[in-house]
file input-v7.txt (compact mmCIF, C-alpha atoms and all ligand atoms)
# COMPACT_ATOMS: atom_id res chain seq x y z
CA MET A 1 18.42 16.26 -53.70
CA LYS A 2 17.45 19.69 -54.91
CA THR A 3 14.37 20.52 -56.98
CA LEU A 4 14.11 23.22 -59.64
CA ALA A 5 10.74 24.25 -61.13
CA VAL A 6 10.90 25.95 -64.54
CA MET A 7 7.85 28.12 -65.07
CA SER A 8 6.19 30.86 -67.11
CA ARG A 9 2.52 31.69 -67.49
CA LYS A 10 3.28 32.74 -71.07
CA GLY A 11 3.31 29.98 -73.69
CA GLY A 12 6.47 29.58 -75.74
CA ALA A 13 8.73 31.56 -73.41
CA GLY A 14 11.22 28.67 -73.41
CA LYS A 15 10.42 26.57 -70.34
CA THR A 16 11.05 23.26 -72.09
CA THR A 17 14.15 24.57 -73.86
CA VAL A 18 15.65 25.76 -70.58
CA ALA A 19 14.55 22.70 -68.57
CA VAL A 20 15.88 20.08 -71.03
CA ASN A 21 19.15 21.91 -71.71
CA LEU A 22 19.80 22.48 -68.00
CA MET A 23 19.08 18.83 -67.20
CA LEU A 24 21.49 17.57 -69.87
CA ALA A 25 24.09 20.23 -68.97
CA ALA A 26 23.86 19.19 -65.32
CA ARG A 27 24.53 15.57 -66.21
CA ALA A 28 27.46 16.60 -68.43
CA MET A 29 28.85 18.54 -65.46
CA GLY A 30 28.67 15.66 -63.00
CA VAL A 31 25.29 16.34 -61.37
CA ARG A 32 22.79 13.42 -61.45
CA ALA A 33 19.82 15.33 -62.83
CA VAL A 34 16.44 14.02 -63.97
CA LEU A 35 13.49 15.78 -65.54
CA ALA A 36 9.81 15.67 -64.63
CA ASP A 37 7.57 16.52 -67.57
CA ALA A 38 4.52 17.98 -65.83
CA ASP A 39 3.14 19.55 -68.99
CA PRO A 40 0.21 17.62 -70.53
CA MET A 41 1.60 18.66 -73.93
CA ARG A 42 4.59 16.39 -73.16
CA SER A 43 7.08 18.55 -75.09
CA ALA A 44 10.08 17.39 -73.05
CA HIS A 45 9.09 13.78 -73.68
CA GLU A 46 8.76 14.55 -77.38
CA VAL A 47 12.34 15.87 -77.43
CA LEU A 48 13.94 13.10 -75.36
CA LYS A 49 11.91 10.01 -76.29
CA GLY A 50 14.42 8.78 -78.90
CA ARG A 51 17.32 8.61 -76.45
CA ASP A 52 18.30 5.15 -75.17
CA GLU A 53 18.58 6.44 -71.62
CA ALA A 54 15.24 8.30 -71.77
CA PRO A 55 13.53 6.07 -69.15
CA ALA A 56 16.22 7.05 -66.63
CA LEU A 57 16.16 10.75 -67.55
CA LEU A 58 12.56 11.68 -67.89
CA PHE A 59 9.37 11.06 -65.92
CA GLU A 60 5.99 11.95 -67.36
CA THR A 61 3.85 13.18 -64.50
CA SER A 62 1.14 15.58 -63.40
CA ALA A 63 0.88 18.32 -60.80
CA SER A 64 -0.82 16.05 -58.25
CA LYS A 65 1.93 13.39 -58.47
CA LEU A 66 4.92 15.70 -58.13
CA PHE A 67 5.43 15.27 -54.40
CA THR A 68 5.51 11.46 -54.70
CA LEU A 69 7.77 11.64 -57.73
CA ALA A 70 10.19 13.95 -55.93
CA GLU A 71 10.38 11.50 -53.01
CA ALA A 72 11.04 8.61 -55.41
CA CYS A 73 13.80 10.57 -57.16
CA ARG A 74 15.35 11.43 -53.82
CA ARG A 75 15.32 7.78 -52.76
CA GLY A 76 16.71 6.81 -56.17
CA GLY A 77 19.81 8.91 -55.59
CA ALA A 78 19.16 11.86 -57.91
CA ASP A 79 21.03 15.08 -57.11
CA LEU A 80 18.61 17.34 -58.96
CA LEU A 81 15.01 17.10 -60.15
CA ILE A 82 14.02 19.68 -62.77
CA ILE A 83 10.29 20.14 -63.37
CA ASP A 84 9.06 21.40 -66.75
CA THR A 85 5.67 23.00 -66.12
CA PRO A 86 2.86 24.01 -68.49
CA ALA A 87 1.78 27.57 -69.31
CA ALA A 88 -1.25 26.83 -67.16
CA PRO A 89 -3.37 28.53 -64.53
CA GLU A 90 -1.71 29.17 -61.21
CA ALA A 91 -3.28 26.21 -59.42
CA ASP A 92 -1.55 23.69 -61.71
CA VAL A 93 1.86 25.31 -61.49
CA ALA A 94 1.60 25.92 -57.74
CA GLU A 95 2.19 22.21 -57.01
CA ALA A 96 5.58 22.45 -58.75
CA VAL A 97 6.42 25.65 -56.87
CA LYS A 98 5.58 23.98 -53.56
CA VAL A 99 8.05 21.11 -54.05
CA ALA A 100 10.79 23.35 -55.51
CA ASP A 101 13.88 24.61 -53.71
CA LEU A 102 14.26 27.18 -56.51
CA CYS A 103 11.80 28.40 -59.16
CA LEU A 104 13.12 29.62 -62.47
CA ALA A 105 10.75 32.11 -64.13
CA VAL A 106 11.55 32.15 -67.85
CA ALA A 107 10.73 35.28 -69.86
CA ARG A 108 11.56 36.67 -73.26
CA PRO A 109 12.59 40.33 -73.22
CA THR A 110 9.13 41.50 -74.28
CA TYR A 111 6.45 43.49 -72.49
CA LEU A 112 3.97 40.62 -72.28
CA ASP A 113 6.55 38.10 -71.11
CA LEU A 114 7.78 40.47 -68.43
CA ALA A 115 4.18 41.02 -67.30
CA ALA A 116 3.79 37.24 -67.07
CA ALA A 117 7.05 37.03 -65.09
CA VAL A 118 5.56 39.40 -62.52
CA LEU A 119 2.67 36.92 -62.09
CA SER A 120 5.17 34.10 -61.54
CA VAL A 121 7.04 36.19 -58.98
CA ALA A 122 3.79 36.71 -57.08
CA VAL A 123 3.11 32.96 -56.92
CA ILE A 124 6.68 32.15 -55.88
CA GLN A 125 6.62 34.72 -53.11
CA ARG A 126 3.13 33.88 -51.87
CA LEU A 127 4.23 30.27 -51.48
CA GLY A 128 7.41 31.37 -49.75
CA ARG A 129 9.82 29.86 -52.26
CA GLU A 130 13.12 31.06 -53.70
CA GLY A 131 13.08 32.33 -57.27
CA LEU A 132 15.24 33.49 -60.13
CA ILE A 133 14.21 35.12 -63.41
CA VAL A 134 16.01 34.04 -66.57
CA LEU A 135 15.74 35.90 -69.85
CA ASN A 136 15.48 33.64 -72.90
CA GLN A 137 15.47 34.31 -76.64
CA CYS A 138 17.41 37.53 -76.21
CA PRO A 139 18.90 38.91 -79.42
CA PRO A 140 22.70 38.41 -79.31
CA ALA A 141 24.90 41.32 -78.30
CA ARG A 142 26.74 42.91 -81.23
CA SER A 143 30.36 43.94 -80.69
CA GLY A 144 29.79 43.88 -76.97
CA VAL A 145 26.72 46.12 -77.17
CA GLU A 146 23.47 44.77 -75.74
CA PRO A 147 20.35 45.28 -77.88
CA PRO A 148 18.16 48.02 -76.33
CA GLY A 149 15.33 45.56 -75.67
CA VAL A 150 17.59 43.42 -73.46
CA VAL A 151 18.86 46.44 -71.55
CA LYS A 152 15.28 47.61 -70.97
CA ALA A 153 14.20 44.15 -69.83
CA PHE A 154 17.02 43.94 -67.27
CA GLU A 155 16.13 47.43 -66.05
CA ALA A 156 12.42 46.64 -65.80
CA LEU A 157 13.20 43.45 -63.86
CA ARG A 158 15.02 45.46 -61.21
CA PHE A 159 11.53 46.19 -59.90
CA ALA A 160 10.34 42.58 -60.04
CA ASN A 161 11.51 41.85 -56.49
CA LEU A 162 13.29 38.67 -57.57
CA PRO A 163 16.92 38.24 -58.68
CA VAL A 164 17.68 37.99 -62.40
CA ALA A 165 20.17 35.38 -63.63
CA PRO A 166 23.28 37.15 -64.88
CA THR A 167 23.40 34.88 -67.91
CA ALA A 168 20.80 35.60 -70.57
CA ILE A 169 19.97 32.84 -73.04
CA ARG A 170 20.19 34.18 -76.58
CA SER A 171 17.96 33.45 -79.52
CA ARG A 172 19.97 30.92 -81.51
CA LEU A 173 18.89 28.45 -84.17
CA VAL A 174 20.91 25.69 -82.49
CA TYR A 175 18.32 25.49 -79.67
CA GLN A 176 15.79 24.41 -82.28
CA THR A 177 18.04 22.10 -84.31
CA ALA A 178 19.27 20.39 -81.12
CA PHE A 179 15.69 19.55 -80.10
CA ALA A 180 14.95 18.14 -83.55
CA GLN A 181 17.79 15.67 -82.85
CA GLY A 182 16.76 14.94 -79.26
CA ARG A 183 19.91 16.58 -77.96
CA SER A 184 21.08 19.49 -75.88
CA VAL A 185 23.06 22.36 -77.35
CA LEU A 186 26.12 21.02 -75.47
CA GLU A 187 25.85 17.79 -77.42
CA ILE A 188 25.73 19.66 -80.73
CA ASP A 189 28.77 21.88 -80.08
CA ALA A 190 30.30 21.71 -76.61
CA GLU A 191 32.35 24.86 -77.15
CA GLY A 192 29.69 26.88 -78.99
CA SER A 193 28.12 30.06 -77.64
CA ALA A 194 24.87 28.30 -76.72
CA ALA A 195 26.70 25.58 -74.77
CA ARG A 196 28.71 28.19 -72.89
CA GLU A 197 25.65 30.17 -71.88
CA VAL A 198 23.77 27.04 -70.76
CA ARG A 199 26.77 25.87 -68.69
CA SER A 200 27.05 29.33 -67.19
CA LEU A 201 23.34 29.43 -66.32
CA PHE A 202 23.52 25.95 -64.83
CA GLY A 203 26.57 26.91 -62.76
CA HIS A 204 24.66 29.89 -61.37
CA VAL A 205 21.54 27.84 -60.64
CA TRP A 206 23.53 25.05 -58.98
CA ARG A 207 25.44 27.48 -56.77
CA ARG A 208 22.10 28.96 -55.71
CA LEU A 209 20.69 25.53 -54.99
CA SER A 210 23.61 23.78 -53.36
CA GLY A 211 26.09 26.49 -52.44
CA ARG A 212 28.66 24.58 -54.53
CA GLN A 213 30.17 24.69 -58.00
CA PRO A 214 29.28 21.72 -60.22
CA ALA A 215 32.13 19.15 -60.26
CA THR A 216 32.96 20.35 -63.76
CA ALA A 217 32.70 24.09 -63.21
CA ALA A 218 31.22 26.40 -65.81
CA GLY A 219 33.81 28.42 -67.67
CA ALA A 220 33.90 32.17 -67.99
CA ASN A 221 30.96 33.54 -69.88
CA ASP A 222 30.88 36.61 -72.08
CA ASP A 223 27.27 37.35 -71.17
CA LEU A 224 28.12 37.56 -67.50
CA ILE A 225 30.72 40.17 -68.29
CA LEU A 226 28.25 42.00 -70.53
CA THR A 227 25.66 42.05 -67.80
CA ARG A 228 28.18 43.53 -65.42
CA GLY A 229 29.07 46.01 -68.13
CA LEU A 230 25.46 47.21 -68.11
CA GLY A 231 25.98 48.28 -64.54
CA LEU A 232 23.26 45.89 -63.43
CA ALA A 233 23.99 44.04 -60.26
CA PRO A 234 23.91 40.31 -60.96
CA SER A 235 22.06 38.25 -58.40
CA ALA A 236 24.04 36.49 -55.71
N1 LIG A 301 16.86 30.56 -76.99
C1 LIG A 301 16.16 30.13 -78.04
N2 LIG A 301 16.60 30.31 -79.31
C2 LIG A 301 15.89 29.87 -80.36
N3 LIG A 301 14.71 29.24 -80.27
C3 LIG A 301 14.20 29.04 -79.04
C4 LIG A 301 14.90 29.44 -77.86
N4 LIG A 301 14.14 29.12 -76.79
C5 LIG A 301 13.04 28.52 -77.27
N5 LIG A 301 13.07 28.47 -78.62
C6 LIG A 301 12.04 27.91 -79.50
O1 LIG A 301 10.80 28.56 -79.16
C7 LIG A 301 9.74 27.61 -79.16
C8 LIG A 301 9.10 27.58 -77.77
O2 LIG A 301 10.08 27.09 -76.86
P1 LIG A 301 9.65 26.08 -75.70
O3 LIG A 301 8.84 24.97 -76.24
O4 LIG A 301 10.87 25.74 -74.95
O5 LIG A 301 8.74 27.06 -74.84
P2 LIG A 301 7.73 26.67 -73.65
O6 LIG A 301 7.69 27.83 -72.73
O7 LIG A 301 8.12 25.37 -73.08
O8 LIG A 301 6.37 26.54 -74.44
P3 LIG A 301 4.98 25.96 -73.85
O9 LIG A 301 4.36 27.09 -73.10
O10 LIG A 301 4.22 25.58 -75.08
O11 LIG A 301 5.32 24.79 -72.98
C9 LIG A 301 10.34 26.28 -79.58
O12 LIG A 301 10.17 26.13 -80.96
C10 LIG A 301 11.83 26.43 -79.24
O13 LIG A 301 12.66 25.63 -80.06
MG MG A 302 7.02 23.62 -72.78

call {"tool": "encode", "arguments": {"input": "input-v7.txt", "output": "structure tokens"}}
result
Amino acid sequence: MKTLAVMSRKGGAGKTTVAVNLMLAARAMGVRAVLADADPMRSAHEVLKGRDEAPALLFETSASKLFTLAEACRRGGADLLIIDTPAAPEADVAEAVKVADLCLAVARPTYLDLAAAVLSVAVIQRLGREGLIVLNQCPPARSGVEPPGVVKAFEALRFANLPVAPTAIRSRLVYQTAFAQGRSVLEIDAEGSAAREVRSLFGHVWRRLSGRQPATAAGANDDLILTRGLGLAPSA
């Protein structure tokens, strides 16, 4: 079993959005994923509580219980445990980082979010873990042209000393409407732009974690091509 911690010191960056969508995308792509809601706000629980299979998908927990929970998930046959963390002081999030094989630092393409991402990078590196930065709530590209703010964010993150996921998650209303229905964006429109970018991000994360493609591989993704078009080296 692999463990992914989704983190950001900045509130509202999109930790829960990324964690829940990745967990449901993973399951749709043949990976037995479960989610640990380690945020006392219980946002992931709020989203998923209406689903019949919620008890098998989601575990409400706290930082101090993460190690035990991870062991239980491993024994239970899960392939992937995703931890949704709070925008909390370092000590609370550090427990998730310690049990993680990969830490996903979520940031919007804004100055303050990028500054917060640098703090996450410091924690990940101090604890000797692997990390990946993912940009969320990026304005969509128009006619193949990236908005300047996204280009600047990718450029700034070159100096963050942590790879950046080649797939950016765009700001799209469907992320909000899906949550209101307790669903992922894949379950709203499996072929929509949001579903494609989530599948692409999951494919990248899963290759980093396991060295393998998911059983149902992610398709080609426009954003990946756009990122390459920026001349920015995508992470391995
Ligand atoms: N890519 C996106 N497009 C549109 N809306 C988004 C996107 N990502 C997140 N949101 C919205 O932004 C808000 C904050 O997102 P979310 O709750 O996932 O952030 P968070 O980092 O988990 O917040 P917190 O720090 O409170 O835990 C939510 O209303 C969510 O629906
Ligand atoms: Mg949250």

call {"tool": "closest_atom_pairs", "arguments": {"input": "input-v7.txt", "of": "chain A", "to": "ligand MG 302 (chain A)", "cutoff": "9 Å", "atoms": "all atoms listed in the file", "output": "Markdown table"}}
result
| residue | atom | partner | partner_atom | distance |
| --- | --- | --- | --- | --- |
| A:Met7 | CA | A:MG302 | MG | 9.0 |
| A:Gly11 | CA | A:MG302 | MG | 7.4 |
| A:Gly12 | CA | A:MG302 | MG | 6.7 |
| A:Ala13 | CA | A:MG302 | MG | 8.1 |
| A:Gly14 | CA | A:MG302 | MG | 6.6 |
| A:Lys15 | CA | A:MG302 | MG | 5.1 |
| A:Thr16 | CA | A:MG302 | MG | 4.1 |
| A:Thr17 | CA | A:MG302 | MG | 7.3 |
| A:Ala19 | CA | A:MG302 | MG | 8.7 |
| A:Asp37 | CA | A:MG302 | MG | 8.8 |
| A:Asp39 | CA | A:MG302 | MG | 6.8 |
| A:Met41 | CA | A:MG302 | MG | 7.4 |
| A:Arg42 | CA | A:MG302 | MG | 7.6 |
| A:Ser43 | CA | A:MG302 | MG | 5.6 |
| A:Ala44 | CA | A:MG302 | MG | 6.9 |
| A:Asp84 | CA | A:MG302 | MG | 6.7 |
| A:Thr85 | CA | A:MG302 | MG | 6.8 |
| A:Pro86 | CA | A:MG302 | MG | 6.0 |
| A:Ala87 | CA | A:MG302 | MG | 7.4 |

call {"tool": "residues_around", "arguments": {"input": "input-v7.txt", "residues": "Asn21 in chain A", "least_positions_apart": "5", "cutoff": "7 Å", "atoms": "only C-alpha atoms", "output": "number ranges by chain"}}
result
A: 184-185, 198

call {"tool": "axis_aligned_box", "arguments": {"input": "input-v7.txt", "around": "ligand LIG 301 (chain A)", "padding_each_side": "8 Å", "output": "AutoDock Vina command-line options"}}
result
--center_x 10.5 --center_y 27.7 --center_z -76.8 --size_x 28.6 --size_y 21.8 --size_z 24.2

call {"tool": "atom_distance", "arguments": {"input": "input-v7.txt", "atom1": "CA of Pro139 in chain A", "atom2": "CA of Ser171 in chain A"}}
result
5.5 Å

call {"tool": "atom_distance", "arguments": {"input": "input-v7.txt", "atom1": "CA of Ala141 in chain A", "atom2": "CA of Arg108 in chain A"}}
result
15.0 Å
